[in-house]
Amino acid sequence: MPEYDCIIPWSGGVESTAVVNWAVNNNKTPLCIHVRMNPAEWSSVQKMASIFNVNVFKVEQDISQIPVDPNNRNFYSKRFGYHNKWSPVIHNWVYWSSFANITNPTIKNIFYGHCGAGLVEQGDGLGDQMHDGAVAIFNSFENYFNAYFVDSKFIAPLDHLTKREQWLTLPNEIKKEIFTCNVYESIINETNCRKCPKCTSLTRAVPENEWHFIK
């Protein structure tokens, strides 16, 4: 029997961690991939992997030599209404999850975190959006799999739950390790700032009586 039966890209935030928890509770053996965004995320993921007793593999990418257009740092945020200047990152974890799948061709499912149902309440419109870029890249890589007779799909098994509902599925010892912040000082201290958009989303989703769990 293969060592792993699914692949999970794991950032260390609520949704991806909830998927790992779901997989473990459903007797799955996930091959977890962490595309390192910052050291604090990797530290949290390692701690949670030990608690879940799953294997997680870190991918580090050196993109420091690739030039960034200084005059168009807000190219994507202007078009999609995001709060911060950014460039898309979904291709990173999709690519590395796909790479893991091609090298483990009998695995059929890549499970990823997503909260399409809402942030706090079902249908509140504050959850994740399945935007055109995500649909395009999922379809592209699934077609790539099929070309090599690898019958794999990208699936968000907890998309029917809000971010709050996904948070509530987590064990308390895992809740204490959730890290989602990209603020420099927070990364150094390995604590969520609770002020940036990602942290604001987290604190809104977590019930007030559980705020003490947030780093």
# chains A, B, ... in the order shown; residues from 1 in each chain; ligands from 1
>>> residues_around(residues="stretch 89-105 of chain A", least_positions_apart="5", cutoff="9 Å", atoms="only C-alpha atoms", output="ChimeraX atom specification")
/A:2,4,6-10,31-35,59,110,133-134,137-138,141-142,145,148-152,154
>>> residues_around(residues="A:Val120", least_positions_apart="5", cutoff="9 Å", atoms="only C-alpha atoms", output="PDB file with N, CA and C atoms, in the first residue's frame")
ATOM      1  N   LEU A 126     -18.427  36.919   3.436  1.00  0.00           N
ATOM      2  CA  LEU A 126     -17.095  37.338   3.881  1.00  0.00           C
ATOM      3  C   LEU A 126     -16.072  36.202   3.832  1.00  0.00           C
ATOM      4  N   GLY A 127     -16.487  35.078   3.291  1.00  0.00           N
ATOM      5  CA  GLY A 127     -15.568  33.948   3.199  1.00  0.00           C
ATOM      6  C   GLY A 127     -14.697  34.026   1.967  1.00  0.00           C
ATOM      7  N   THR A 162     -18.142  27.663   7.505  1.00  0.00           N
ATOM      8  CA  THR A 162     -17.552  28.989   7.646  1.00  0.00           C
ATOM      9  C   THR A 162     -16.176  28.865   8.309  1.00  0.00           C
ATOM     10  N   LYS A 163     -15.438  29.970   8.290  1.00  0.00           N
ATOM     11  CA  LYS A 163     -14.131  29.978   8.963  1.00  0.00           C
ATOM     12  C   LYS A 163     -14.320  29.693  10.457  1.00  0.00           C
ATOM     13  N   ARG A 164     -15.370  30.275  11.057  1.00  0.00           N
ATOM     14  CA  ARG A 164     -15.622  30.024  12.478  1.00  0.00           C
ATOM     15  C   ARG A 164     -15.925  28.547  12.725  1.00  0.00           C
ATOM     16  N   GLU A 165     -16.751  27.967  11.884  1.00  0.00           N
ATOM     17  CA  GLU A 165     -17.089  26.550  12.057  1.00  0.00           C
ATOM     18  C   GLU A 165     -15.850  25.668  11.900  1.00  0.00           C
ATOM     19  N   ARG A 204     -12.190  38.003  13.910  1.00  0.00           N
ATOM     20  CA  ARG A 204     -13.640  38.060  13.665  1.00  0.00           C
ATOM     21  C   ARG A 204     -14.239  36.662  13.656  1.00  0.00           C
ATOM     22  N   ALA A 205     -13.491  35.718  13.119  1.00  0.00           N
ATOM     23  CA  ALA A 205     -14.016  34.355  13.011  1.00  0.00           C
ATOM     24  C   ALA A 205     -14.021  33.633  14.349  1.00  0.00           C
ATOM     25  N   VAL A 206     -13.031  33.897  15.184  1.00  0.00           N
ATOM     26  CA  VAL A 206     -12.920  33.191  16.461  1.00  0.00           C
ATOM     27  C   VAL A 206     -13.891  33.796  17.475  1.00  0.00           C
ATOM     28  N   PRO A 207     -14.710  32.972  18.138  1.00  0.00           N
ATOM     29  CA  PRO A 207     -15.624  33.496  19.164  1.00  0.00           C
ATOM     30  C   PRO A 207     -14.845  34.212  20.268  1.00  0.00           C
TER      31      PRO A 207
END
>>> residues_around(residues="A:Gln46", least_positions_apart="2", cutoff="12 Å", atoms="only C-alpha atoms", output="ChimeraX atom specification")
/A:10-12,17,32-34,36,39-44,48-58,174,177-179
>>> closest_residue(among="A:Phe213, A:Tyr144, A:Ser186, A:Pro70", to="A:Pro171", atoms="only C-alpha atoms")
A:Phe213
>>> select_by_dssp(residues="chain A", states="alpha helix (DSSP H)", output="MDAnalysis selection string")
chainID A and resid 14:25 39:52 75:80 90:103 132:147 163:168 172:175 184:189 197:205
>>> atom_distance(atom1="atom CA of A:Val14", atom2="atom CA of A:Asp132")
23.0 Å
>>> closest_residue(among="A:Val24, A:Lys47, A:Cys115, A:Asn38", to="A:Gln166", atoms="only C-alpha atoms")
A:Cys115
>>> atom_distance(atom1="atom CA of A:Val20", atom2="atom CA of A:Tyr184")
26.7 Å
>>> select_by_dssp(residues="stretch 1-211 of chain A", states="strand (DSSP E)", output="VMD selection string")
chain A and resid 6 to 9 30 to 35 55 to 59 109 to 111 153 to 155
>>> write_last_selection(atoms="N, CA and C atoms", output="tab-separated table (two decimals), in the first residue's frame")
chain	number	residue	atom	x	y	z
A	6	CYS	N	-3.40	10.99	0.34
A	6	CYS	CA	-3.86	12.30	-0.11
A	6	CYS	C	-2.73	13.31	0.10
A	7	ILE	N	-2.88	14.47	-0.53
A	7	ILE	CA	-1.90	15.55	-0.39
A	7	ILE	C	-2.63	16.77	0.15
A	8	ILE	N	-2.01	17.47	1.11
A	8	ILE	CA	-2.61	18.67	1.68
A	8	ILE	C	-1.59	19.79	1.71
A	9	PRO	N	-1.82	20.88	0.95
A	9	PRO	CA	-0.99	22.08	1.11
A	9	PRO	C	-1.37	22.75	2.43
A	30	PRO	N	-2.11	11.88	5.23
A	30	PRO	CA	-1.78	12.94	4.28
A	30	PRO	C	-0.28	13.17	4.11
A	31	LEU	N	0.09	13.49	2.89
A	31	LEU	CA	1.41	14.02	2.58
A	31	LEU	C	1.23	15.53	2.58
A	32	CYS	N	1.71	16.19	3.62
A	32	CYS	CA	1.49	17.62	3.78
A	32	CYS	C	2.65	18.42	3.20
A	33	ILE	N	2.32	19.48	2.46
A	33	ILE	CA	3.30	20.32	1.81
A	33	ILE	C	3.19	21.73	2.38
A	34	HIS	N	4.31	22.26	2.87
A	34	HIS	CA	4.33	23.65	3.34
A	34	HIS	C	5.26	24.45	2.45
A	35	VAL	N	4.70	25.38	1.69
A	35	VAL	CA	5.50	26.29	0.89
A	35	VAL	C	5.82	27.48	1.78
A	55	ASN	N	3.32	13.78	8.60
A	55	ASN	CA	4.56	14.28	8.00
A	55	ASN	C	4.28	15.52	7.17
A	56	VAL	N	5.12	16.52	7.35
A	56	VAL	CA	5.00	17.75	6.56
A	56	VAL	C	6.36	18.06	5.95
A	57	PHE	N	6.37	18.41	4.67
A	57	PHE	CA	7.59	18.66	3.94
A	57	PHE	C	7.63	20.12	3.50
A	58	LYS	N	8.75	20.77	3.79
A	58	LYS	CA	8.90	22.20	3.51
A	58	LYS	C	9.51	22.41	2.13
A	59	VAL	N	8.93	23.36	1.40
A	59	VAL	CA	9.48	23.79	0.11
A	59	VAL	C	9.93	25.22	0.27
A	109	ASN	N	-6.32	12.52	-4.50
A	109	ASN	CA	-6.92	13.77	-4.05
A	109	ASN	C	-5.91	14.74	-3.46
A	110	ILE	N	-6.02	16.00	-3.85
A	110	ILE	CA	-5.31	17.09	-3.20
A	110	ILE	C	-6.36	17.89	-2.44
A	111	PHE	N	-6.35	17.81	-1.13
A	111	PHE	CA	-7.33	18.51	-0.30
A	111	PHE	C	-6.75	19.86	0.13
A	153	LYS	N	-7.69	15.19	-8.30
A	153	LYS	CA	-8.55	16.37	-8.28
A	153	LYS	C	-8.18	17.26	-7.09
A	154	PHE	N	-8.38	18.56	-7.26
A	154	PHE	CA	-8.28	19.51	-6.15
A	154	PHE	C	-9.65	19.61	-5.49
A	155	ILE	N	-9.70	19.33	-4.20
A	155	ILE	CA	-10.98	19.28	-3.48
A	155	ILE	C	-10.85	20.07	-2.18
